[in-house]
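Below is final-v3.pdb, holding PDB, C-alpha atoms.
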```pdb
ATOM      1  CA  MET A 382      59.545 140.777 109.948
ATOM      2  CA  LEU A 383      61.242 138.002 108.058
ATOM      3  CA  GLN A 384      59.195 136.470 105.280
ATOM      4  CA  ARG A 385      59.989 132.987 106.516
ATOM      5  CA  SER A 386      61.207 131.664 109.805
ATOM      6  CA  PRO A 387      64.994 131.446 109.939
ATOM      7  CA  ARG A 388      66.291 127.896 109.481
ATOM      8  CA  ILE A 389      68.778 126.575 111.998
ATOM      9  CA  LEU A 390      70.809 123.398 111.625
ATOM     10  CA  ILE A 391      71.697 121.729 114.926
ATOM     11  CA  VAL A 392      74.458 119.103 114.798
ATOM     12  CA  GLU A 393      74.696 117.301 118.119
ATOM     13  CA  ASP A 394      75.401 113.615 118.723
ATOM     14  CA  GLU A 395      73.774 113.706 122.175
ATOM     15  CA  LYS A 396      70.139 113.464 121.080
ATOM     16  CA  LEU A 397      68.665 114.937 124.257
ATOM     17  CA  ILE A 398      70.857 118.034 123.964
ATOM     18  CA  GLY A 399      70.082 118.448 120.261
ATOM     19  CA  TRP A 400      66.339 118.125 120.725
ATOM     20  CA  SER A 401      66.393 120.420 123.774
ATOM     21  CA  ILE A 402      68.121 123.136 121.752
ATOM     22  CA  ALA A 403      65.687 122.596 118.881
ATOM     23  CA  ASN A 404      62.685 122.809 121.208
ATOM     24  CA  VAL A 405      63.803 126.132 122.723
ATOM     25  CA  LEU A 406      64.510 127.634 119.294
ATOM     26  CA  HIS A 407      61.273 126.261 117.812
ATOM     27  CA  ASN A 408      59.350 127.935 120.652
ATOM     28  CA  LEU A 409      61.002 131.207 119.627
ATOM     29  CA  GLY A 410      59.702 130.793 116.068
ATOM     30  CA  TYR A 411      62.693 129.253 114.308
ATOM     31  CA  ASP A 412      62.611 126.264 111.961
ATOM     32  CA  THR A 413      65.120 123.696 113.149
ATOM     33  CA  ALA A 414      66.696 120.558 111.776
ATOM     34  CA  VAL A 415      68.608 118.244 114.092
ATOM     35  CA  VAL A 416      71.204 115.740 112.902
ATOM     36  CA  THR A 417      73.388 113.550 115.080
ATOM     37  CA  CYS A 418      76.472 113.041 112.937
ATOM     38  CA  GLY A 419      78.803 115.122 110.841
ATOM     39  CA  LYS A 420      78.279 113.080 107.693
ATOM     40  CA  ARG A 421      74.553 113.805 107.665
ATOM     41  CA  ALA A 422      75.228 117.468 108.477
ATOM     42  CA  LYS A 423      77.478 117.812 105.426
ATOM     43  CA  GLU A 424      74.784 116.235 103.245
ATOM     44  CA  ILE A 425      71.973 118.472 104.487
ATOM     45  CA  LEU A 426      74.105 121.618 104.190
ATOM     46  CA  HIS A 427      74.245 120.968 100.431
ATOM     47  CA  THR A 428      70.502 120.466 100.037
ATOM     48  CA  THR A 429      68.942 123.008 102.401
ATOM     49  CA  ALA A 430      69.651 126.697 102.934
ATOM     50  CA  PHE A 431      70.231 127.510 106.601
ATOM     51  CA  ASP A 432      70.485 130.873 108.337
ATOM     52  CA  PHE A 433      72.458 129.622 111.345
ATOM     53  CA  VAL A 434      74.384 126.486 112.311
ATOM     54  CA  ILE A 435      74.934 125.128 115.805
ATOM     55  CA  THR A 436      77.401 122.256 116.030
ATOM     56  CA  ASP A 437      79.139 120.265 118.702
ATOM     57  CA  LEU A 438      82.903 120.140 118.274
ATOM     58  CA  HIS A 439      83.243 116.396 118.924
ATOM     59  CA  LEU A 440      81.052 114.371 116.578
ATOM     60  CA  PRO A 441      81.084 110.913 115.045
ATOM     61  CA  SER A 442      82.387 110.755 111.446
ATOM     62  CA  PHE A 443      83.277 114.468 111.072
ATOM     63  CA  SER A 444      84.284 117.062 113.641
ATOM     64  CA  GLY A 445      82.437 120.282 114.290
ATOM     65  CA  LEU A 446      85.380 122.085 112.705
ATOM     66  CA  GLU A 447      84.777 120.181 109.475
ATOM     67  CA  ILE A 448      81.108 121.184 109.635
ATOM     68  CA  PHE A 449      82.213 124.795 110.252
ATOM     69  CA  LYS A 450      84.499 124.734 107.200
ATOM     70  CA  GLU A 451      81.891 123.087 104.969
ATOM     71  CA  ALA A 452      79.169 125.541 105.983
ATOM     72  CA  LYS A 453      81.481 128.517 105.349
ATOM     73  CA  LEU A 454      82.404 127.135 101.909
ATOM     74  CA  ILE A 455      78.728 127.009 101.020
ATOM     75  CA  ASN A 456      77.894 130.386 102.580
ATOM     76  CA  ALA A 457      80.762 132.464 103.962
ATOM     77  CA  GLU A 458      78.300 134.717 105.821
ATOM     78  CA  ILE A 459      76.453 132.023 107.772
ATOM     79  CA  PRO A 460      76.884 132.439 111.531
ATOM     80  CA  ILE A 461      78.065 129.338 113.362
ATOM     81  CA  LEU A 462      77.921 128.520 117.044
ATOM     82  CA  LEU A 463      80.343 125.835 118.222
ATOM     83  CA  ILE A 464      79.543 123.918 121.409
ATOM     84  CA  THR A 465      82.529 122.402 123.186
ATOM     85  CA  THR A 466      84.006 121.023 126.383
ATOM     86  CA  LEU A 467      87.365 122.687 125.665
ATOM     87  CA  GLU A 468      88.991 124.893 128.283
ATOM     88  CA  GLU A 469      89.152 128.702 127.890
ATOM     89  CA  ASP A 470      92.738 128.770 126.568
ATOM     90  CA  GLU A 471      91.930 126.109 123.961
ATOM     91  CA  ILE A 472      88.817 128.022 122.924
ATOM     92  CA  HIS A 473      90.849 131.201 122.502
ATOM     93  CA  LEU A 474      93.325 129.408 120.222
ATOM     94  CA  LEU A 475      90.498 127.844 118.233
ATOM     95  CA  GLN A 476      88.832 131.221 117.677
ATOM     96  CA  GLN A 477      92.112 132.782 116.587
ATOM     97  CA  GLN A 478      92.921 129.959 114.202
ATOM     98  CA  TYR A 479      89.497 129.589 112.572
ATOM     99  CA  SER A 480      87.644 132.864 113.266
ATOM    100  CA  ILE A 481      84.672 130.972 114.662
ATOM    101  CA  ASP A 482      81.667 133.242 115.140
ATOM    102  CA  PHE A 483      80.479 131.977 118.537
ATOM    103  CA  ILE A 484      81.638 129.343 121.013
ATOM    104  CA  ILE A 485      79.771 128.164 124.107
ATOM    105  CA  GLN A 486      81.253 125.795 126.658
ATOM    106  CA  LYS A 487      79.444 122.740 127.957
ATOM    107  CA  PRO A 488      77.662 122.613 130.275
ATOM    108  CA  PHE A 489      75.533 125.534 129.137
ATOM    109  CA  ASP A 490      72.128 126.982 129.807
ATOM    110  CA  LEU A 491      69.735 126.777 126.865
ATOM    111  CA  SER A 492      68.999 130.472 127.278
ATOM    112  CA  GLN A 493      72.632 131.218 126.317
ATOM    113  CA  ILE A 494      72.127 129.571 122.955
ATOM    114  CA  ALA A 495      68.764 131.251 122.418
ATOM    115  CA  THR A 496      70.279 134.657 123.189
ATOM    116  CA  VAL A 497      73.188 134.193 120.772
ATOM    117  CA  VAL A 498      70.898 133.014 117.974
ATOM    118  CA  GLN A 499      68.296 135.751 118.500
ATOM    119  CA  ASN A 500      70.814 138.578 118.767
ATOM    120  CA  CYS A 501      72.776 137.416 115.742
ATOM    121  CA  LEU A 502      69.787 136.886 113.459
ATOM    122  CA  GLU A 503      68.107 140.128 114.531
ATOM    123  CA  TYR A 504      71.348 142.004 113.831
ATOM    124  CA  GLN A 505      71.670 140.374 110.401
ATOM    125  CA  TYR A 506      68.062 141.151 109.543
ATOM    126  CA  ALA A 507      68.406 144.791 110.615
ATOM    127  CA  HIS A 508      71.567 145.249 108.547
ATOM    128  CA  ASN A 509      70.199 143.534 105.446
ATOM    129  CA  GLN A 510      67.187 145.862 105.168
TER     130      GLN A 510
END
```
Would you encode the structure as structure tokens?
Amino acid sequence: MLQRSPRILIVEDEKLIGWSIANVLHNLGYDTAVVTCGKRAKEILHTTAFDFVITDLHLPSFSGLEIFKEAKLINAEIPILLITTLEEDEIHLLQQQYSIDFIIQKPFDLSQIATVVQNCLEYQYAHNQ
């Protein structure tokens, strides 16, 4: 078992979506922080250690790609899930260009996000022992 609950940063400008994701992950035992803009996400990334980041691609003030880059500068190993409305071919190009860990298309089922987070963090924990 982990000594503390993994911390997950959720960056989503649609408050209902952000809080819905946070609620599902909180019910699974994760600590979550939800912010609605890229500027605040960049600030909190520098003051709090996170184990996973979930970010929307299209955000006010900074894009999800900027959040991705900032998070990887702080911790190159942090897994990041990007949520987007892009089409499959655009997603493929984005993954090739930036090596994004995970991408889920909107609309999505909350269980998809929970599965990605759980599988990733369990894998990391098992390989860090």
Taking only residues of range 410-429 of chain A that have an atom at most 12 Å from an atom of range 484-499 of chain A, what is each one's shortest atom pair and its distance in Å to one decimal, using all atoms listed in the file, in chain and number order, as JSON lines?
```
{"residue": "A:Gly410", "atom": "CA", "partner": "A:Gln499", "partner_atom": "CA", "distance": 10.2}
{"residue": "A:Tyr411", "atom": "CA", "partner": "A:Gln499", "partner_atom": "CA", "distance": 9.5}
{"residue": "A:Thr413", "atom": "CA", "partner": "A:Val498", "partner_atom": "CA", "distance": 12.0}
```
The PyMOL selection byres ((chain A and resi 415) around 6) applied to the shown file, residues as a PyMOL selection string: chain A and resi 391-392+414+416
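Counting only C-alpha atoms and comparing A:Lys453, A:His508, A:Lys396, A:His407, the residue that lies closest to Phe431 in chain A is A:Lys453.
CA of Ala452 in chain A is found 19.4 Å from CA of Ile402 in chain A.
Each of A:Ser386, A:Leu462, A:Ala422, A:Tyr506 was checked against Ile435 in chain A using all atoms listed in the file; the smallest atom-to-atom distance is that of A:Leu462.
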